[in-house]
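So this block is upload09.pdb, PDB, C-alpha atoms and all ligand atoms:
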ATOM      1  CA  MET A  63     -28.732  42.203 -20.747  1.00  0.00           C
ATOM      2  CA  THR A  64     -27.143  42.964 -17.454  1.00  0.00           C
ATOM      3  CA  GLY A  65     -26.469  40.180 -15.019  1.00  0.00           C
ATOM      4  CA  ALA A  66     -25.973  37.522 -17.682  1.00  0.00           C
ATOM      5  CA  VAL A  67     -22.232  37.661 -17.410  1.00  0.00           C
ATOM      6  CA  VAL A  68     -20.980  38.051 -13.887  1.00  0.00           C
ATOM      7  CA  HIS A  69     -17.324  38.829 -13.622  1.00  0.00           C
ATOM      8  CA  GLN A  70     -16.409  36.769 -10.658  1.00  0.00           C
ATOM      9  CA  ARG A  71     -13.650  37.787  -8.366  1.00  0.00           C
ATOM     10  CA  CYS A  72     -11.106  35.450  -6.901  1.00  0.00           C
ATOM     11  CA  TRP A  73     -12.212  34.112  -3.555  1.00  0.00           C
ATOM     12  CA  ASN A  74      -8.817  34.900  -2.106  1.00  0.00           C
ATOM     13  CA  HIS A  75      -7.963  38.013  -4.083  1.00  0.00           C
ATOM     14  CA  ALA A  76     -10.798  40.507  -4.235  1.00  0.00           C
ATOM     15  CA  ASP A  77      -8.913  42.662  -6.698  1.00  0.00           C
ATOM     16  CA  ARG A  78      -8.325  39.862  -9.146  1.00  0.00           C
ATOM     17  CA  GLU A  79     -10.725  38.490 -11.671  1.00  0.00           C
ATOM     18  CA  ALA A  80     -11.509  34.827 -11.369  1.00  0.00           C
ATOM     19  CA  ALA A  81      -9.847  32.866 -14.130  1.00  0.00           C
ATOM     20  CA  CYS A  82     -11.618  29.616 -13.415  1.00  0.00           C
ATOM     21  CA  ARG A  83     -14.036  28.067 -11.050  1.00  0.00           C
ATOM     22  CA  CYS A  84     -13.285  25.290  -8.616  1.00  0.00           C
ATOM     23  CA  PRO A  85     -15.478  22.328  -9.605  1.00  0.00           C
ATOM     24  CA  ALA A  86     -15.608  21.086  -6.035  1.00  0.00           C
ATOM     25  CA  CYS A  87     -16.896  24.171  -4.241  1.00  0.00           C
ATOM     26  CA  GLY A  88     -18.018  26.253  -7.229  1.00  0.00           C
ATOM     27  CA  ARG A  89     -16.158  29.340  -6.116  1.00  0.00           C
ATOM     28  CA  GLY A  90     -14.170  31.460  -8.536  1.00  0.00           C
ATOM     29  CA  PHE A  91     -10.418  31.665  -8.250  1.00  0.00           C
ATOM     30  CA  CYS A  92      -7.568  33.227 -10.123  1.00  0.00           C
ATOM     31  CA  ARG A  93      -4.925  31.106 -11.784  1.00  0.00           C
ATOM     32  CA  GLU A  94      -2.620  31.401  -8.810  1.00  0.00           C
ATOM     33  CA  CYS A  95      -5.170  30.052  -6.377  1.00  0.00           C
ATOM     34  CA  VAL A  96      -5.974  26.842  -8.221  1.00  0.00           C
ATOM     35  CA  THR A  97      -3.881  23.738  -8.555  1.00  0.00           C
ATOM     36  CA  GLU A  98      -4.339  21.027 -11.111  1.00  0.00           C
ATOM     37  CA  HIS A  99      -5.212  17.750  -9.478  1.00  0.00           C
ATOM     38  CA  ALA A 100      -6.283  14.648 -11.404  1.00  0.00           C
ATOM     39  CA  GLY A 101      -6.995  16.766 -14.485  1.00  0.00           C
ATOM     40  CA  ARG A 102      -9.141  19.247 -12.553  1.00  0.00           C
ATOM     41  CA  LEU A 103      -8.327  22.723 -11.321  1.00  0.00           C
ATOM     42  CA  LEU A 104      -9.065  22.779  -7.622  1.00  0.00           C
ATOM     43  CA  CYS A 105      -8.705  25.546  -5.088  1.00  0.00           C
ATOM     44  CA  ALA A 106      -6.290  25.145  -2.202  1.00  0.00           C
ATOM     45  CA  SER A 107      -8.928  24.260   0.374  1.00  0.00           C
ATOM     46  CA  CYS A 108     -10.580  21.654  -1.833  1.00  0.00           C
ATOM     47  CA  LEU A 109      -7.189  20.260  -2.843  1.00  0.00           C
ATOM     48  CA  SER A 110      -6.150  19.807   0.780  1.00  0.00           C
ATOM     49  CA  ARG A 111      -9.519  18.263   1.578  1.00  0.00           C
ATOM     50  CA  ILE A 112      -9.253  15.829  -1.321  1.00  0.00           C
ATOM     51  CA  THR A 113      -5.652  14.921  -0.593  1.00  0.00           C
ATOM     52  CA  LEU A 114      -6.578  14.391   3.054  1.00  0.00           C
ATOM     53  CA  GLY A 115      -9.425  12.159   1.928  1.00  0.00           C
ATOM     54  CA  SER A 116      -7.132  10.131  -0.270  1.00  0.00           C
ATOM     55  CA  ARG A 117      -4.723   9.884   2.622  1.00  0.00           C
ATOM     56  CA  ALA A 118      -7.526   8.535   4.781  1.00  0.00           C
ATOM     57  CA  SER A 119      -8.303   5.895   2.168  1.00  0.00           C
ATOM     58  CA  ALA A 120      -4.599   5.081   2.070  1.00  0.00           C
ATOM     59  CA  GLY A 121      -4.835   4.565   5.805  1.00  0.00           C
ATOM     60  CA  ALA A 122      -7.548   1.995   5.206  1.00  0.00           C
ATOM     61  CA  SER A 123      -5.149   0.025   3.045  1.00  0.00           C
ATOM     62  CA  ARG A 124      -2.738   0.198   5.953  1.00  0.00           C
ATOM     63  CA  PHE A 125      -5.046  -2.181   7.758  1.00  0.00           C
ATOM     64  CA  LEU A 126      -4.552  -4.669   4.950  1.00  0.00           C
ATOM     65  CA  ARG A 127      -0.781  -4.410   5.098  1.00  0.00           C
ATOM     66  CA  PRO A 128      -0.289  -6.683   8.168  1.00  0.00           C
ATOM     67  CA  ALA A 129      -2.366  -9.355   6.472  1.00  0.00           C
ATOM     68  CA  VAL A 130      -0.278  -9.072   3.321  1.00  0.00           C
ATOM     69  CA  LEU A 131       2.890  -9.143   5.396  1.00  0.00           C
ATOM     70  CA  ALA A 132       1.645 -12.181   7.279  1.00  0.00           C
ATOM     71  CA  CYS A 133       0.893 -13.970   4.018  1.00  0.00           C
ATOM     72  CA  ALA A 134       4.281 -12.991   2.638  1.00  0.00           C
ATOM     73  CA  GLY A 135       5.954 -14.130   5.844  1.00  0.00           C
ATOM     74  CA  LEU A 136       4.112 -17.438   5.722  1.00  0.00           C
ATOM     75  CA  ALA A 137       5.092 -17.922   2.098  1.00  0.00           C
ATOM     76  CA  LEU A 138       8.700 -16.996   2.840  1.00  0.00           C
ATOM     77  CA  GLY A 139       8.764 -19.277   5.872  1.00  0.00           C
ATOM     78  CA  TRP A 140       7.264 -22.096   3.845  1.00  0.00           C
ATOM     79  CA  VAL A 141       9.840 -21.607   1.091  1.00  0.00           C
ATOM     80  CA  LEU A 142      12.670 -21.515   3.636  1.00  0.00           C
ATOM     81  CA  PHE A 143      11.316 -24.597   5.400  1.00  0.00           C
ATOM     82  CA  PHE A 144      10.875 -26.368   2.088  1.00  0.00           C
ATOM     83  CA  THR A 145      14.368 -25.540   0.817  1.00  0.00           C
ATOM     84  CA  ALA A 146      15.881 -26.411   4.197  1.00  0.00           C
ATOM     85  CA  GLY A 147      14.092 -29.748   4.145  1.00  0.00           C
ATOM     86  CA  GLU A 148      15.229 -30.375   0.603  1.00  0.00           C
ATOM     87  CA  ALA A 149      18.801 -29.502   1.582  1.00  0.00           C
ATOM     88  CA  LEU A 150      18.642 -31.812   4.600  1.00  0.00           C
ATOM     89  CA  ILE A 151      17.290 -34.627   2.481  1.00  0.00           C
ATOM     90  CA  ALA A 152      19.988 -34.004  -0.107  1.00  0.00           C
ATOM     91  CA  LEU A 153      22.644 -33.992   2.626  1.00  0.00           C
ATOM     92  CA  GLY A 154      21.235 -37.168   4.138  1.00  0.00           C
ATOM     93  CA  GLU A 155      21.228 -38.888   0.769  1.00  0.00           C
ATOM     94  CA  ARG A 156      24.792 -37.770   0.142  1.00  0.00           C
ATOM     95  CA  ALA A 157      25.989 -38.992   3.556  1.00  0.00           C
ATOM     96  CA  GLY A 158      24.343 -42.341   3.023  1.00  0.00           C
ATOM     97  CA  ALA A 159      22.997 -43.040   6.506  1.00  0.00           C
ATOM     98  CA  PRO A 160      22.142 -39.839   8.312  1.00  0.00           C
ATOM     99  CA  GLN A 161      22.829 -39.759  12.041  1.00  0.00           C
ATOM    100  CA  GLY A 162      19.416 -38.387  12.793  1.00  0.00           C
ATOM    101  CA  ALA A 163      17.817 -41.411  11.207  1.00  0.00           C
ATOM    102  CA  ALA A 164      19.785 -43.735  13.481  1.00  0.00           C
ATOM    103  CA  HIS A 165      18.120 -42.299  16.568  1.00  0.00           C
ATOM    104  CA  ALA A 166      14.724 -42.394  15.013  1.00  0.00           C
ATOM    105  CA  GLY A 167      15.264 -45.787  13.451  1.00  0.00           C
ATOM    106  CA  PRO A 168      13.918 -49.087  14.715  1.00  0.00           C
ATOM    107  CA  LYS A 169      15.178 -50.111  18.128  1.00  0.00           C
ATOM    108  CA  VAL A 170      17.490 -53.049  18.207  1.00  0.00           C
ATOM    109  CA  PRO A 171      17.233 -54.982  21.493  1.00  0.00           C
ATOM    110  CA  ARG A 172      20.625 -55.291  23.157  1.00  0.00           C
ATOM    111  CA  ASN A 173      20.170 -58.399  25.186  1.00  0.00           C
ATOM    112  CA  HIS A 174      18.760 -60.583  22.540  1.00  0.00           C
ATOM    113  CA  PRO A 175      19.259 -64.327  22.966  1.00  0.00           C
TER
HETATM  114 ZN    ZN B 201     -12.800  24.548  -4.099  1.00  0.00          ZN
HETATM  115 ZN    ZN B 202      -6.465  34.275  -6.209  1.00  0.00          ZN
END
Would you give me this structure, written as structure tokens?
Ligand SMILES: [Zn+2]
Ligand SMILES: [Zn+2]
Amino acid sequence: MTGAVVHQRCWNHADREAACRCPACGRGFCRECVTEHAGRLLCASCLSRITLGSRASAGASRFLRPAVLACAGLALGWVLFFTAGEALIALGERAGAPQGAAHAGPKVPRNHP
């Protein structure tokens, strides 16, 4: 009969009865010592450990950020280059004979008989 129900005390407060148990470390805590995180009631130490762990995994995604930025920069540069080229072509078509094309055009010999 005795020993079946153990009234656990809070890990932090010896004078308080444990209201729930931390699923991560299995220690009993009172309501004030646990914080709800992702639907679970975790103690402060486990919460900080888990949040630190998630922060570490967030740091791993930080390694991917330069690659994403590079891709975005390439895409942006391509779009800018493309639109600039389109604008230049449109300008050239509007001006009729673009000056740039004259330099790059076929050479006409000056002293031709
Ligand atoms: Zn815990
Ligand atoms: Zn407590």
For this session: Counting all atoms listed in the file, name the residues that have an atom within 8 Å of an atom of ligand ZN 202 (chain B); the answer should be given as a ChimeraX atom specification.
Result: /A:72-76,78,80,91-96
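Interatomic distance, atom CA of Gly115 of chain A to atom CA of Cys82 of chain A: 23.3 Å.
Take the candidates A:Arg117, A:His99, A:Arg89, A:Arg156 and check each one against ligand ZN 201 (chain B) using only C-alpha atoms and all ligand atoms; the shortest distance goes to A:Arg89.
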Counting all atoms listed in the file, which residues of chain A fall within 7 Å of ligand ZN 201 (chain B), and what is the closest atom pair for each with its distance in Å at one decimal, ordered by chain and rising number, as a Markdown table?
| residue | atom | partner | partner_atom | distance |
| --- | --- | --- | --- | --- |
| A:Cys84 | CA | B:ZN201 | ZN | 4.6 |
| A:Pro85 | CA | B:ZN201 | ZN | 6.5 |
| A:Ala86 | CA | B:ZN201 | ZN | 4.9 |
| A:Cys87 | CA | B:ZN201 | ZN | 4.1 |
| A:Gly88 | CA | B:ZN201 | ZN | 6.3 |
| A:Arg89 | CA | B:ZN201 | ZN | 6.2 |
| A:Leu104 | CA | B:ZN201 | ZN | 5.4 |
| A:Cys105 | CA | B:ZN201 | ZN | 4.3 |
| A:Ala106 | CA | B:ZN201 | ZN | 6.8 |
| A:Ser107 | CA | B:ZN201 | ZN | 5.9 |
| A:Cys108 | CA | B:ZN201 | ZN | 4.3 |
Problem set entry | Straight-line distance linking atom CA of Ala100 of chain A with atom CA of Ala81 of chain A, stated in Å to one decimal |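 Value for the atom CA of Ala100 of chain A-atom CA of Ala81 of chain A distance: 18.8 Å.
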Taking all atoms of segment 111-118 of chain A that appear in the file, build a box with edges along x, y and z, extend it by 5 Å on every side, and state its centre and edge lengths in Å to one decimal, as JSON.
{"center_x": -7.1, "center_y": 13.4, "center_z": 1.7, "size_x": 14.8, "size_y": 19.7, "size_z": 16.1}
Exercise. Rounded to one decimal in Å, what is the spacing between atom CA of Arg83 of chain A and atom CA of Leu103 of chain A?
Worked result: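 Separation between atom CA of Arg83 of chain A and atom CA of Leu103 of chain A: 7.8 Å.
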